[in-house]
$ cat start.txt   # compact mmCIF, C-alpha atoms
# COMPACT_ATOMS: atom_id res chain seq x y z
CA MET A 1 -63.06 8.26 -76.15
CA SER A 2 -63.78 8.07 -72.46
CA SER A 3 -61.22 8.56 -69.79
CA LYS A 4 -61.10 6.20 -66.88
CA HIS A 5 -60.06 7.09 -63.39
CA TYR A 6 -58.12 4.52 -61.40
CA GLU A 7 -57.62 4.71 -57.69
CA TYR A 8 -54.66 2.96 -56.19
CA ASP A 9 -54.92 1.47 -52.72
CA TYR A 10 -51.55 1.83 -51.01
CA SER A 11 -52.67 0.25 -47.75
CA ASP A 12 -52.22 -3.34 -48.90
CA HIS A 13 -48.66 -3.00 -50.21
CA GLY A 14 -45.28 -3.19 -48.59
CA PRO A 15 -43.83 -5.84 -46.35
CA LYS A 16 -46.10 -7.61 -43.97
CA VAL A 17 -44.76 -8.26 -40.51
CA ASP A 18 -44.10 -11.95 -41.13
CA GLU A 19 -42.48 -11.54 -44.55
CA TYR A 20 -39.04 -10.61 -43.21
CA PRO A 21 -37.14 -12.63 -40.66
CA GLU A 22 -37.94 -11.67 -37.10
CA SER A 23 -34.51 -12.70 -35.96
CA HIS A 24 -31.54 -14.61 -37.19
CA LEU A 25 -29.78 -17.31 -35.20
CA GLU A 26 -27.69 -15.86 -32.41
CA PRO A 27 -24.34 -16.90 -30.93
CA GLY A 28 -24.63 -20.00 -28.79
CA ALA A 29 -27.13 -21.68 -31.13
CA GLU A 30 -26.21 -24.87 -32.90
CA ALA A 31 -25.67 -24.18 -36.60
CA PRO A 32 -28.25 -26.13 -38.62
CA ASP A 33 -26.54 -28.69 -40.82
CA PHE A 34 -27.11 -28.58 -44.56
CA THR A 35 -25.95 -30.08 -47.81
CA LEU A 36 -25.96 -27.72 -50.80
CA ARG A 37 -24.71 -27.91 -54.37
CA THR A 38 -21.56 -26.07 -55.32
CA THR A 39 -21.54 -27.52 -58.86
CA PRO A 40 -24.12 -29.62 -60.72
CA ASP A 41 -22.46 -32.79 -59.41
CA GLN A 42 -20.75 -31.70 -56.15
CA THR A 43 -22.16 -30.82 -52.75
CA VAL A 44 -20.81 -29.37 -49.52
CA SER A 45 -22.21 -30.27 -46.10
CA LEU A 46 -21.58 -28.16 -43.04
CA SER A 47 -21.06 -31.31 -40.97
CA GLU A 48 -18.16 -32.33 -43.28
CA LEU A 49 -16.27 -29.23 -42.13
CA ARG A 50 -16.47 -29.95 -38.37
CA GLY A 51 -13.24 -29.47 -36.50
CA ASN A 52 -12.45 -26.03 -37.95
CA PRO A 53 -14.27 -22.71 -38.04
CA VAL A 54 -16.65 -22.01 -40.92
CA ILE A 55 -17.73 -18.57 -42.13
CA LEU A 56 -21.21 -18.66 -43.67
CA VAL A 57 -21.96 -15.62 -45.81
CA PHE A 58 -25.58 -15.40 -46.93
CA TYR A 59 -26.02 -12.83 -49.68
CA PRO A 60 -29.06 -11.77 -51.76
CA ALA A 61 -27.95 -12.43 -55.34
CA ASP A 62 -25.09 -13.09 -57.73
CA TRP A 63 -24.25 -10.17 -60.00
CA SER A 64 -25.57 -7.43 -57.71
CA PRO A 65 -23.00 -4.69 -57.09
CA VAL A 66 -23.03 -4.84 -53.28
CA CYS A 67 -22.84 -8.65 -53.24
CA GLY A 68 -19.96 -8.67 -55.69
CA ASP A 69 -18.06 -6.09 -53.65
CA GLU A 70 -18.73 -7.91 -50.36
CA LEU A 71 -17.54 -11.25 -51.71
CA ALA A 72 -14.49 -9.61 -53.33
CA VAL A 73 -13.42 -8.31 -49.89
CA TYR A 74 -13.70 -11.81 -48.44
CA ASN A 75 -11.84 -13.28 -51.41
CA GLU A 76 -8.95 -10.89 -50.70
CA LEU A 77 -8.98 -11.95 -47.04
CA LEU A 78 -8.85 -15.69 -47.73
CA PRO A 79 -5.21 -15.94 -46.54
CA GLU A 80 -6.21 -14.34 -43.23
CA PHE A 81 -9.21 -16.66 -42.87
CA ARG A 82 -6.97 -19.65 -43.63
CA ARG A 83 -4.51 -18.49 -40.96
CA HIS A 84 -7.36 -19.27 -38.54
CA ASP A 85 -8.07 -22.59 -40.36
CA ALA A 86 -11.47 -21.17 -41.33
CA GLN A 87 -13.44 -22.21 -44.41
CA LEU A 88 -15.48 -19.50 -46.18
CA LEU A 89 -18.78 -20.45 -47.83
CA GLY A 90 -20.99 -18.06 -49.81
CA ILE A 91 -24.70 -18.95 -49.93
CA SER A 92 -27.50 -17.50 -52.06
CA VAL A 93 -30.67 -18.75 -53.73
CA ASP A 94 -29.08 -18.52 -57.19
CA GLY A 95 -28.51 -21.71 -59.17
CA VAL A 96 -25.17 -23.46 -59.60
CA TRP A 97 -24.73 -22.21 -63.18
CA SER A 98 -25.10 -18.60 -62.06
CA HIS A 99 -22.65 -19.22 -59.21
CA ASP A 100 -20.17 -20.81 -61.59
CA ALA A 101 -20.24 -17.87 -64.00
CA PHE A 102 -20.19 -15.30 -61.17
CA ALA A 103 -17.23 -16.96 -59.41
CA ALA A 104 -15.28 -17.27 -62.66
CA ASP A 105 -15.99 -13.66 -63.64
CA ARG A 106 -14.93 -12.32 -60.22
CA ASN A 107 -12.09 -14.83 -59.72
CA PHE A 108 -13.44 -16.09 -56.38
CA HIS A 109 -11.49 -18.88 -54.70
CA PHE A 110 -14.11 -20.21 -52.28
CA PRO A 111 -17.31 -22.21 -52.78
CA LEU A 112 -20.59 -20.53 -53.63
CA LEU A 113 -23.45 -22.77 -52.51
CA SER A 114 -26.86 -22.88 -54.16
CA ASP A 115 -29.82 -22.65 -51.75
CA PHE A 116 -32.04 -23.01 -54.82
CA GLU A 117 -34.25 -26.04 -54.35
CA PRO A 118 -36.17 -26.00 -52.16
CA LYS A 119 -35.62 -22.30 -52.54
CA GLY A 120 -34.19 -20.64 -49.45
CA GLU A 121 -34.52 -23.70 -47.20
CA VAL A 122 -31.12 -23.19 -45.58
CA ALA A 123 -31.60 -19.42 -45.28
CA ARG A 124 -34.92 -20.12 -43.54
CA SER A 125 -33.22 -22.48 -41.08
CA TYR A 126 -30.84 -19.65 -40.12
CA GLY A 127 -33.68 -17.09 -39.92
CA VAL A 128 -32.44 -15.00 -42.86
CA TYR A 129 -34.86 -15.66 -45.74
CA ARG A 130 -36.85 -12.74 -47.19
CA GLU A 131 -40.08 -14.42 -48.27
CA ARG A 132 -41.45 -11.45 -50.19
CA GLU A 133 -38.42 -11.06 -52.46
CA GLY A 134 -37.41 -14.72 -52.50
CA ILE A 135 -33.81 -13.95 -51.46
CA SER A 136 -31.73 -14.25 -48.34
CA GLU A 137 -30.76 -11.40 -46.12
CA ARG A 138 -27.16 -10.21 -46.10
CA ALA A 139 -26.03 -12.18 -43.05
CA ILE A 140 -22.83 -13.66 -41.68
CA PHE A 141 -22.35 -16.52 -39.23
CA VAL A 142 -19.05 -17.71 -37.76
CA VAL A 143 -19.39 -21.34 -36.68
CA ASP A 144 -16.79 -22.97 -34.46
CA GLY A 145 -15.32 -26.43 -34.98
CA ASP A 146 -18.07 -27.97 -32.83
CA GLY A 147 -20.86 -26.54 -34.99
CA ILE A 148 -21.87 -23.72 -32.62
CA ILE A 149 -22.50 -20.20 -33.90
CA THR A 150 -20.00 -17.93 -32.13
CA TRP A 151 -20.82 -14.71 -33.98
CA SER A 152 -23.60 -13.57 -36.28
CA TYR A 153 -24.49 -10.34 -38.02
CA LEU A 154 -27.50 -9.24 -40.05
CA SER A 155 -26.63 -6.32 -42.33
CA PRO A 156 -28.99 -4.09 -44.28
CA VAL A 157 -29.31 -5.61 -47.76
CA GLY A 158 -27.81 -2.52 -49.45
CA ILE A 159 -24.77 -2.27 -47.17
CA ASN A 160 -21.49 -4.17 -47.48
CA PRO A 161 -20.75 -5.22 -43.87
CA GLY A 162 -17.01 -5.61 -44.43
CA ALA A 163 -14.93 -8.14 -42.54
CA ASP A 164 -14.06 -6.57 -39.18
CA GLY A 165 -16.64 -8.63 -37.26
CA ILE A 166 -15.53 -11.86 -38.93
CA LEU A 167 -11.87 -11.20 -38.13
CA THR A 168 -12.66 -10.31 -34.51
CA ALA A 169 -14.72 -13.50 -34.14
CA LEU A 170 -11.92 -15.62 -35.62
CA GLU A 171 -9.34 -13.95 -33.35
CA SER A 172 -11.56 -14.76 -30.39
CA LEU A 173 -11.79 -18.41 -31.43
CA THR A 174 -8.02 -18.60 -31.82
CA SER A 175 -7.54 -16.98 -28.39
CA ASP A 176 -9.96 -19.47 -26.82
CA VAL A 177 -8.08 -22.43 -28.35
CA GLU A 178 -4.70 -21.07 -27.24
CA ALA A 179 -5.99 -20.52 -23.69
CA GLN A 180 -6.97 -24.21 -23.35
$ encode --input "start.txt" --output "structure tokens"
Amino acid sequence: MSSKHYEYDYSDHGPKVDEYPESHLEPGAEAPDFTLRTTPDQTVSLSELRGNPVILVFYPADWSPVCGDELAVYNELLPEFRRHDAQLLGISVDGVWSHDAFAADRNFHFPLLSDFEPKGEVARSYGVYREREGISERAIFVVDGDGIITWSYLSPVGINPGADGILTALESLTSDVEAQ
């Protein structure tokens, strides 16, 4: 019995510079429109929601602990978001059946949209797709009623960003409307 010696080359592993988003869309940019499935036979388009603020929450995957906790926080804050007439949308590359089971299990009361096919197309348009893993970044965008991004945040994938930034952005939008 002969023993073989294997050498492992570490130099060609790990993320390449272009495999992670260089930057996500910043405030002032027009939010790219999209139409995504929320059920096998229903879709939601960003353009349909014009006139009121929209909170876009890109998250890596259904069923992951951090994602579940993040979305649970937002679910609890739905009354506060609604006070600002804001619609919350969760977006990941998972399919509609996974979203359906995840939302039912966690008792979520907002749409989870499937950026499944073509995989990550919407996440790419917002600059938050992680090519290497095939998931989106953990990112949040607050879009005003005219379709302009007023606040955005890219969080480390393993960190729940909470809702302070979202609430501050919504308060700012409300203040701007009241000042007019």
$ residues_near_point --input "start.txt" --point "(-31.3, -23.8, -58.0)" --cutoff "12 Å" --atoms "only C-alpha atoms" --output "list of chain:residue names"
A:Leu36, A:Arg37, A:Thr38, A:Thr39, A:Pro40, A:Ile91, A:Ser92, A:Val93, A:Asp94, A:Gly95, A:Val96, A:Trp97, A:Ser98, A:His99, A:Leu113, A:Ser114, A:Asp115, A:Phe116, A:Glu117, A:Pro118, A:Lys119, A:Gly120, A:Glu121
$ closest_residue --input "start.txt" --among "A:Ile149, A:Ile166, A:Leu46, A:Leu71" --to "Asp33 in chain A" --atoms "all atoms listed in the file"
A:Leu46
$ axis_aligned_box --input "start.txt" --around "range 102-109 of chain A" --padding-each-side "3 Å" --output "lines of an AutoDock Vina configuration file"
center_x = -15.8
center_y = -15.6
center_z = -59.2
size_x = 14.7
size_y = 12.6
size_z = 14.9
$ closest_residue --input "start.txt" --among "A:Val128, A:Leu154, A:Leu89, A:Ile159" --to "Pro53 in chain A" --atoms "all atoms listed in the file"
A:Leu89
$ atom_distance --input "start.txt" --atom1 "CA of Val122 in chain A" --atom2 "CA of Pro156 in chain A"
19.3 Å
$ closest_residue --input "start.txt" --among "A:Ser23, A:Gly134, A:Leu49, A:His84" --to "Thr35 in chain A" --atoms "all atoms listed in the file"
A:Leu49
$ atom_distance --input "start.txt" --atom1 "CA of Pro65 in chain A" --atom2 "CA of Asn160 in chain A"
9.7 Å
$ atom_distance --input "start.txt" --atom1 "CA of Arg124 in chain A" --atom2 "CA of Gly158 in chain A"
19.9 Å
$ residues_around --input "start.txt" --residues "Gly145 in chain A" --least-positions-apart "4" --cutoff "6 Å" --atoms "only C-alpha atoms" --output "VMD selection string"
chain A and resid 50 to 53
$ decode --input "start.txt" --residues "range 31-51 of chain A" --atoms "N, CA and C atoms" --output "mmCIF file, in the first residue's frame"
data_model
loop_
_atom_site.group_PDB
_atom_site.id
_atom_site.type_symbol
_atom_site.label_atom_id
_atom_site.label_comp_id
_atom_site.auth_asym_id
_atom_site.auth_seq_id
_atom_site.Cartn_x
_atom_site.Cartn_y
_atom_site.Cartn_z
ATOM 1 N N ALA A 31 -34.429 53.963 -8.141
ATOM 2 C CA ALA A 31 -34.545 52.535 -7.797
ATOM 3 C C ALA A 31 -34.936 51.760 -9.051
ATOM 4 N N PRO A 32 -34.142 50.776 -9.456
ATOM 5 C CA PRO A 32 -34.518 49.983 -10.626
ATOM 6 C C PRO A 32 -35.859 49.290 -10.403
ATOM 7 N N ASP A 33 -36.729 49.384 -11.401
ATOM 8 C CA ASP A 33 -38.019 48.726 -11.305
ATOM 9 C C ASP A 33 -37.826 47.218 -11.468
ATOM 10 N N PHE A 34 -38.757 46.465 -10.945
ATOM 11 C CA PHE A 34 -38.717 45.005 -11.072
ATOM 12 C C PHE A 34 -40.115 44.464 -10.907
ATOM 13 N N THR A 35 -40.292 43.261 -11.360
ATOM 14 C CA THR A 35 -41.499 42.479 -11.111
ATOM 15 C C THR A 35 -41.028 41.101 -10.665
ATOM 16 N N LEU A 36 -41.396 40.724 -9.442
ATOM 17 C CA LEU A 36 -40.980 39.435 -8.877
ATOM 18 C C LEU A 36 -42.191 38.681 -8.349
ATOM 19 N N ARG A 37 -42.060 37.369 -8.318
ATOM 20 C CA ARG A 37 -43.125 36.508 -7.794
ATOM 21 C C ARG A 37 -43.140 36.540 -6.268
ATOM 22 N N THR A 38 -44.368 36.608 -5.745
ATOM 23 C CA THR A 38 -44.570 36.465 -4.310
ATOM 24 C C THR A 38 -45.291 35.154 -4.011
ATOM 25 N N THR A 39 -45.989 34.627 -5.003
ATOM 26 C CA THR A 39 -46.591 33.287 -4.967
ATOM 27 C C THR A 39 -46.421 32.721 -6.374
ATOM 28 N N PRO A 40 -46.744 31.446 -6.573
ATOM 29 C CA PRO A 40 -46.600 30.895 -7.929
ATOM 30 C C PRO A 40 -47.417 31.639 -8.990
ATOM 31 N N ASP A 41 -48.511 32.304 -8.577
ATOM 32 C CA ASP A 41 -49.338 32.981 -9.575
ATOM 33 C C ASP A 41 -49.554 34.471 -9.302
ATOM 34 N N GLN A 42 -48.763 35.069 -8.404
ATOM 35 C CA GLN A 42 -48.883 36.494 -8.111
ATOM 36 C C GLN A 42 -47.510 37.154 -8.152
ATOM 37 N N THR A 43 -47.502 38.383 -8.678
ATOM 38 C CA THR A 43 -46.254 39.148 -8.727
ATOM 39 C C THR A 43 -46.454 40.503 -8.058
ATOM 40 N N VAL A 44 -45.336 41.124 -7.718
ATOM 41 C CA VAL A 44 -45.322 42.486 -7.195
ATOM 42 C C VAL A 44 -44.295 43.245 -8.023
ATOM 43 N N SER A 45 -44.694 44.437 -8.477
ATOM 44 C CA SER A 45 -43.788 45.329 -9.203
ATOM 45 C C SER A 45 -43.530 46.556 -8.348
ATOM 46 N N LEU A 46 -42.298 47.008 -8.325
ATOM 47 C CA LEU A 46 -41.975 48.210 -7.568
ATOM 48 C C LEU A 46 -42.779 49.399 -8.092
ATOM 49 N N SER A 47 -42.920 49.490 -9.400
ATOM 50 C CA SER A 47 -43.640 50.626 -9.988
ATOM 51 C C SER A 47 -45.105 50.678 -9.541
ATOM 52 N N GLU A 48 -45.707 49.541 -9.202
ATOM 53 C CA GLU A 48 -47.090 49.508 -8.714
ATOM 54 C C GLU A 48 -47.241 50.222 -7.371
ATOM 55 N N LEU A 49 -46.146 50.364 -6.650
ATOM 56 C CA LEU A 49 -46.187 50.906 -5.299
ATOM 57 C C LEU A 49 -45.824 52.391 -5.244
ATOM 58 N N ARG A 50 -45.645 53.015 -6.431
ATOM 59 C CA ARG A 50 -45.298 54.441 -6.476
ATOM 60 C C ARG A 50 -46.340 55.248 -5.714
ATOM 61 N N GLY A 51 -45.862 56.340 -5.141
ATOM 62 C CA GLY A 51 -46.749 57.213 -4.378
ATOM 63 C C GLY A 51 -46.521 57.110 -2.879
#
